[in-house]
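Structure file target_17.cif with mmCIF, C-alpha atoms:
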data_work
#
loop_
_atom_site.label_atom_id
_atom_site.label_comp_id
_atom_site.auth_asym_id
_atom_site.auth_seq_id
_atom_site.Cartn_x
_atom_site.Cartn_y
_atom_site.Cartn_z
CA MET A 1 0.00 0.00 0.00
CA ASP A 2 1.33 3.43 -1.01
CA LEU A 3 0.68 5.63 2.02
CA ASN A 4 1.10 8.71 -0.19
CA LEU A 5 -2.35 7.85 -1.50
CA LEU A 6 -3.77 8.78 1.92
CA VAL A 7 -2.37 12.30 1.57
CA ALA A 8 -3.75 12.56 -1.96
CA LEU A 9 -7.12 11.19 -0.86
CA ASP A 10 -7.28 13.69 1.98
CA ALA A 11 -6.58 16.56 -0.44
CA LEU A 12 -9.16 15.32 -2.96
CA LEU A 13 -11.84 14.94 -0.30
CA GLU A 14 -11.07 18.39 1.07
CA GLU A 15 -10.99 20.18 -2.29
CA ASN A 16 -13.42 18.10 -4.40
CA SER A 17 -11.21 19.00 -7.32
CA VAL A 18 -8.20 17.35 -8.93
CA ALA A 19 -6.69 20.71 -9.90
CA ALA A 20 -7.20 22.22 -6.44
CA ALA A 21 -5.79 19.08 -4.78
CA ALA A 22 -2.74 19.26 -7.06
CA ASP A 23 -2.19 22.89 -6.08
CA ARG A 24 -2.51 22.02 -2.40
CA LEU A 25 0.09 19.24 -2.71
CA ASN A 26 2.40 21.31 -4.95
CA LEU A 27 1.93 18.88 -7.85
CA THR A 28 1.19 19.52 -11.50
CA PRO A 29 -2.39 18.75 -12.61
CA PRO A 30 -1.17 16.00 -15.01
CA ALA A 31 0.71 14.31 -12.14
CA MET A 32 -2.35 14.52 -9.89
CA SER A 33 -4.75 13.38 -12.59
CA ARG A 34 -3.41 9.83 -12.40
CA THR A 35 -4.03 9.60 -8.65
CA PRO A 36 -7.84 9.21 -8.60
CA ALA A 37 -7.55 6.06 -10.72
CA ARG A 38 -5.02 4.60 -8.26
CA ILE A 39 -7.31 5.47 -5.34
CA ARG A 40 -10.24 3.82 -7.13
CA ARG A 41 -8.23 0.63 -7.56
CA ALA A 42 -7.18 0.68 -3.89
CA THR A 43 -10.62 1.44 -2.41
CA GLY A 44 -12.94 -0.10 -4.99
CA ASP A 45 -14.90 3.16 -5.05
CA ASP A 46 -15.01 6.15 -7.43
CA ILE A 47 -14.49 8.56 -4.48
CA LEU A 48 -15.23 11.63 -6.64
CA VAL A 49 -17.71 11.67 -9.51
CA ARG A 50 -18.51 14.44 -11.94
CA ALA A 51 -21.74 16.36 -11.52
CA GLY A 52 -21.94 18.95 -14.24
CA ARG A 53 -18.77 21.06 -14.06
CA THR A 54 -17.88 20.02 -10.53
CA MET A 55 -16.85 16.88 -8.67
CA VAL A 56 -18.87 15.49 -5.78
CA PRO A 57 -17.87 12.82 -3.23
CA THR A 58 -19.52 9.42 -3.21
CA PRO A 59 -21.19 8.10 -0.03
CA ARG A 60 -18.12 5.96 0.60
CA ALA A 61 -15.89 9.04 0.27
CA LEU A 62 -17.98 10.86 2.86
CA GLU A 63 -17.51 7.89 5.22
CA LEU A 64 -13.75 8.01 4.70
CA ARG A 65 -13.28 11.77 4.98
CA GLU A 66 -12.83 12.14 8.76
CA GLU A 67 -10.86 8.91 9.14
CA THR A 68 -8.52 9.89 6.31
CA ARG A 69 -7.98 13.36 7.74
CA ASP A 70 -7.18 11.87 11.16
CA LEU A 71 -4.72 9.34 9.70
CA VAL A 72 -2.89 12.04 7.75
CA ARG A 73 -2.76 14.29 10.81
CA ARG A 74 -1.33 11.48 12.97
CA ALA A 75 1.21 10.47 10.32
CA THR A 76 2.34 14.09 10.00
CA ALA A 77 2.78 14.30 13.77
CA VAL A 78 4.91 11.13 13.79
CA LEU A 79 7.22 12.56 11.12
CA THR A 80 7.46 16.04 12.65
CA PRO A 81 10.36 16.83 15.00
CA VAL A 82 9.45 17.66 18.59
CA ARG A 83 9.81 21.43 18.86
CA ARG A 84 8.81 21.93 22.47
CA LEU A 85 9.18 19.62 25.43
CA ASP A 86 6.14 19.64 27.73
CA LEU A 87 7.75 18.65 31.02
CA ALA A 88 4.48 18.78 32.95
CA ARG A 89 3.03 16.00 30.74
CA LEU A 90 6.23 14.08 30.01
CA ASN A 91 5.82 10.45 31.12
CA ARG A 92 9.12 8.60 30.89
CA HIS A 93 11.32 6.24 32.86
CA PHE A 94 15.09 6.89 33.01
CA SER A 95 17.84 4.73 34.49
CA VAL A 96 21.01 6.41 35.75
CA ARG A 97 24.02 4.30 36.79
CA GLY A 98 27.02 5.38 38.83
CA HIS A 99 29.24 4.74 41.82
CA ASP A 100 27.15 4.28 44.96
CA ALA A 101 28.92 7.14 46.78
CA LEU A 102 28.27 9.51 43.89
CA LEU A 103 24.64 8.41 43.61
CA ALA A 104 24.18 8.88 47.35
CA ALA A 105 25.19 12.52 46.97
CA LEU A 106 23.21 12.96 43.77
CA ALA A 107 19.96 11.17 44.60
CA ALA A 108 18.07 13.61 46.83
CA PRO A 109 18.78 16.85 44.92
CA LEU A 110 18.28 15.19 41.51
CA ILE A 111 14.95 13.60 42.46
CA ALA A 112 13.76 16.89 43.97
CA ARG A 113 14.86 18.89 40.93
CA VAL A 114 13.30 16.50 38.40
CA GLY A 115 10.10 16.12 40.40
CA ALA A 116 9.60 19.88 40.64
CA THR A 117 9.40 20.32 36.85
CA ALA A 118 8.46 16.86 35.53
CA PRO A 119 6.27 15.08 38.12
CA ASN A 120 5.56 12.07 35.87
CA ILE A 121 9.23 11.17 35.37
CA ARG A 122 10.39 7.95 37.07
CA LEU A 123 14.08 7.67 37.94
CA SER A 124 15.99 4.48 38.71
CA LEU A 125 19.42 5.08 40.25
CA LEU A 126 21.55 1.97 39.74
CA ALA A 127 24.77 1.34 41.63
CA GLU A 128 27.69 -0.22 39.79
CA SER A 129 27.86 -4.01 40.05
CA VAL A 130 29.49 -7.04 38.47
CA ASP A 131 26.38 -7.76 36.41
CA GLN A 132 26.14 -4.39 34.70
CA PRO A 133 23.07 -3.24 32.73
CA HIS A 134 24.22 -2.30 29.25
CA LEU A 135 24.38 1.34 28.10
CA THR A 136 24.64 0.39 24.43
CA ARG A 137 21.61 -1.91 24.59
CA GLY A 138 19.45 0.80 26.11
CA GLN A 139 19.22 -0.76 29.57
CA VAL A 140 20.77 2.39 31.06
CA ASP A 141 20.10 5.95 29.87
CA LEU A 142 22.96 7.75 31.59
CA GLU A 143 26.17 6.64 33.21
CA ILE A 144 28.01 8.86 35.69
CA GLY A 145 31.57 8.11 36.62
CA ALA A 146 34.92 9.49 37.63
CA ILE A 147 38.16 9.30 35.69
CA VAL A 148 41.22 9.33 37.93
CA THR A 149 44.50 10.62 36.49
CA ARG A 150 48.00 10.66 38.02
CA ARG A 151 51.05 12.63 36.94
CA LEU A 152 54.65 12.50 38.07
CA PRO A 153 55.59 13.89 40.47
CA LEU A 154 52.47 12.50 42.06
CA GLU A 155 49.69 15.04 42.29
CA LEU A 156 46.05 14.74 43.25
CA PRO A 157 44.22 16.90 40.74
CA PRO A 158 40.43 17.27 40.81
CA THR A 159 38.76 14.08 39.57
CA PRO A 160 36.77 14.69 36.39
CA VAL A 161 33.16 13.53 36.66
CA VAL A 162 31.64 12.55 33.33
CA VAL A 163 28.14 11.82 32.08
CA ILE A 164 27.98 9.24 29.30
CA TRP A 165 25.08 8.25 27.04
CA HIS A 166 24.54 6.35 23.82
CA HIS A 167 24.31 8.45 20.65
CA ARG A 168 20.80 7.09 19.98
CA HIS A 169 19.64 9.71 22.52
CA ASP A 170 21.34 12.72 20.86
CA SER A 171 18.12 14.01 19.26
CA ASP A 172 15.80 13.03 22.15
CA PRO A 173 14.61 16.29 23.81
CA ALA A 174 13.57 14.53 27.02
CA HIS A 175 16.95 12.83 27.35
CA ALA A 176 18.73 16.13 26.65
CA TRP A 177 16.69 17.75 29.41
CA LEU A 178 17.62 14.97 31.85
CA ARG A 179 21.32 15.36 30.96
CA GLY A 180 21.09 19.04 31.76
CA GLU A 181 19.41 18.36 35.10
CA VAL A 182 22.05 15.77 36.04
CA ARG A 183 24.87 18.16 35.11
CA SER A 184 23.34 20.95 37.18
CA VAL A 185 23.03 18.73 40.26
CA LEU A 186 26.54 17.35 39.74
CA ARG A 187 27.93 20.88 39.71
CA GLU A 188 26.21 21.49 43.03
CA VAL A 189 27.47 18.33 44.73
CA THR A 190 31.01 18.46 43.27
CA ASP A 191 31.55 22.23 43.45
CA GLY A 192 31.77 22.33 39.65
CA ALA A 193 35.08 20.47 39.54
CA GLY A 194 34.28 18.36 36.45
CA ARG A 195 36.13 18.38 33.13
CA PRO A 196 34.97 17.15 29.70
CA ALA A 197 35.61 13.53 28.76
CA THR A 198 34.06 11.03 26.35
CA GLY A 199 34.02 7.30 25.80
CA PRO A 200 34.39 5.60 22.41
CA GLY A 201 31.07 4.99 20.69
CA HIS A 202 29.20 7.15 23.18
CA ARG A 203 28.55 10.81 23.84
CA GLY A 204 29.95 12.46 26.91
CA GLY A 205 29.88 15.77 28.68
CA SER A 206 31.41 17.30 31.73
CA ALA A 207 29.56 18.03 34.90
#

Do you think you could lay out the structure here as structure tokens?
Amino acid sequence: MDLNLLVALDALLEENSVAAAADRLNLTPPAMSRTPARIRRATGDDILVRAGRTMVPTPRALELREETRDLVRRATAVLTPVRRLDLARLNRHFSVRGHDALLAALAAPLIARVGATAPNIRLSLLAESVDQPHLTRGQVDLEIGAIVTRRLPLELPPTPVVVIWHHRHDSDPAHAWLRGEVRSVLREVTDGAGRPATGPGHRGGSA
């Protein structure tokens, strides 16, 4: 099934004219003129029939009009980027993994901060273990860790704290919001002592 026929059918049922439907879809009238025949073959109905100098919808077309319009509207919404994140209505579950000491410091302020703006968000804070949930497989949304470096003569520089996520989440507005919230809380609990670092195959950012 060619789903483009739904868009064409919606335009035809709205305009009751092949020429007007072509103009609405930015097509030439000759290109649009072949579409009604394809729709007739797909639906088994004439959809639009000539009455004098105009076209009128068949009873079957009238039955399909609202359903077709709704399907096209929903398909358009699926293929339209999210422009604005509605935190008050956002209903998601996120898993954040890190060292138990770091999570102990992070838990209360992060849960309070997230809950204040996105009350339907559910957070799971997972301590590191031998049987690790997998970041790449989507079992964990964010991983927080520390990278310890040593230089000679031996110094104890600030330990960078990093936030790591899989690149599948790069264009996810809700995940980007959570990363920002985690960074903000990390700055509070670490006095802003983080430095940028990344892991291969993942995205990373400093606290």

What is the distance between atom CA of A:His99 and atom CA of A:Ser171, in Å to one decimal?
26.8 Å

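The closest residue to A:His167, picked from A:Val185, A:Val56, A:Leu142, A:Ala127 and counting all atoms listed in the file, is A:Leu142.
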
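Taking atom CA of A:Arg38 and atom CA of A:Leu5 as the two end points, the separation is 8.0 Å.
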
Size and centre in Å, one decimal, axis-aligned box, all listed stretch 160-175 of chain A atoms plus 8 Å per side, as AutoDock Vina command-line options:
--center_x 25.2 --center_y 11.3 --center_z 28.0 --size_x 39.2 --size_y 25.9 --size_z 33.4

Select, from A:Arg40, A:His166, A:Arg53, A:Arg24, the residue with the minimum atom-to-atom distance to A:Arg179, counting all atoms listed in the file.
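Closest candidate: A:His166.
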